[in-house]
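Below is one structure; the comments refer to it alone.
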Amino acid sequence: MSDGDNKLPAIELNGDGKHGSHSGTMCFYKVQVRTSAHHPTTLEGLTIDNAWRDLPIMRGAAKWGVNIPVSRAFSGSDALDHGMVPYVAAEAHRWAFLAYLEAMEGTGTLCIETRLVQIECKFSFETKEIGVTDAMKEWGQWRKTDGFKPRTLQTT
């Protein structure tokens with residue numbers, strides 16, 4: 001009898017292929033900036049005038065946001081892609097922006113105002129298994145797959 005004859009057959013357990021769903025609500029924040037001065041200014045492509053404008057929050061892209069860690073997790077979506085971050089990161093970006101302005105010659109923080117905007121994000125997702133591939137028969141043996149197929153439940 002060869003080793004191949006001693007292998008147990010693969011069995012799919014009931015419930016395999018079910019991966020779940022989830023929904024929830026989270027709060028994120030945007031930082032906005034404006035000036036009360038009579039003359040607008042442009043900084044790194046951002047116009048600062050008397051209108052409240054979103055401060056761009058991008059990982060490492062703006063001089064004032066470098067090295068501020070931001071979680072990208074948001075249940076299948078990415079709040080950071082929409083300029084939204086958790087509260088502590090928003091405060092960090094707000095203060096880093098003000099520190100950047102203060103350090104710049106000729107700009108400073110005179111007449112600059114900032115605020116946070118709280119945003120409620122609702123999300124939900126469902127999962128559906130499309131299929132599984134054939135088993136790789138032996139370690140290191142690469143073979144062409146016949147694609148993904150639905151699971152075949154076997155009774156024991």
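Residue numbers start at 1 in each chain; chains themselves are named A, B, ... in the order of the structure tokens; ligands are numbered from 1 in the order shown.
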
I'd like the neighbourhood of Thr35 of chain A as a ChimeraX atom specification, where a residue qualifies if any of its atoms comes within 9 Å (using only C-alpha atoms), though same-chain residues fewer than 2 positions away should be ignored.
/A:33,37-41,48-52,110-114

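Taking only C-alpha atoms into account, Thr152 of chain A lies nearest to A:Ala10 out of the set A:Ala10, A:Met104, A:Val117, A:Met58.
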
One decimal, in Å: what's the spacing between atom CA of Met84 of chain A and atom CA of Glu102 of chain A?
24.2 Å

If you run DSSP on the backbone here, which positions in segment 94-137 of chain A get alpha helix (DSSP H)? Please write them as a PyMOL selection string.
chain A and resi 94-103

Write to file, as a compact mmCIF listing (two decimals), in the first residue's frame, the residues of the selection just made, with N, CA and C atoms.
```txt
# COMPACT_ATOMS: atom_id res chain seq x y z
N ARG A 94 -4.47 69.30 13.03
CA ARG A 94 -4.82 70.70 13.29
C ARG A 94 -3.64 71.44 13.91
N TRP A 95 -3.07 70.87 14.96
CA TRP A 95 -1.96 71.52 15.67
C TRP A 95 -0.68 71.50 14.84
N ALA A 96 -0.45 70.43 14.09
CA ALA A 96 0.74 70.38 13.22
C ALA A 96 0.64 71.45 12.13
N PHE A 97 -0.56 71.69 11.62
CA PHE A 97 -0.76 72.73 10.61
C PHE A 97 -0.46 74.11 11.21
N LEU A 98 -0.96 74.35 12.40
CA LEU A 98 -0.70 75.64 13.06
C LEU A 98 0.79 75.80 13.37
N ALA A 99 1.44 74.73 13.80
CA ALA A 99 2.89 74.79 14.07
C ALA A 99 3.66 75.06 12.78
N TYR A 100 3.23 74.46 11.68
CA TYR A 100 3.86 74.69 10.39
C TYR A 100 3.74 76.15 9.99
N LEU A 101 2.54 76.72 10.13
CA LEU A 101 2.33 78.13 9.80
C LEU A 101 3.19 79.05 10.67
N GLU A 102 3.26 78.71 11.95
CA GLU A 102 4.04 79.54 12.88
C GLU A 102 5.53 79.52 12.53
N ALA A 103 6.00 78.39 12.03
CA ALA A 103 7.42 78.26 11.70
C ALA A 103 7.77 78.92 10.37
```

Nearby residues (only C-alpha atoms) at most 10 Å from Lys149 of chain A, same-chain spacing under 3 positions excluded, as a list in words
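After dropping sequence-adjacent residues, the list is Glu129, Ile130, Gly131, Val132, Thr133, Asp134, Asp146 and Thr152 of chain A.
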
To one decimal place, how far is atom CA of Gly45 of chain A from atom CA of Glu120 of chain A in Å?
27.8 Å

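Between atom CA of Val70 of chain A and atom CA of Val31 of chain A the separation is 14.0 Å.
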
Give me, as JSON, numbers by chain, the residues of segment 48-133 of chain A that a backbone DSSP run labels strand (DSSP E).
{"A": [48, 53, 54, 112, 113, 114, 115, 116, 117, 118, 119, 120, 121, 122, 123, 124, 125, 126]}

Tell me, as a list in words, which residues lie within 10 Å of Gly24 of chain A, counting only C-alpha atoms; anything in the same chain fewer than 5 positions away does not count.
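That gives Ser75, Cys121, Lys122, Phe123, Ser124 and Phe125 of chain A.
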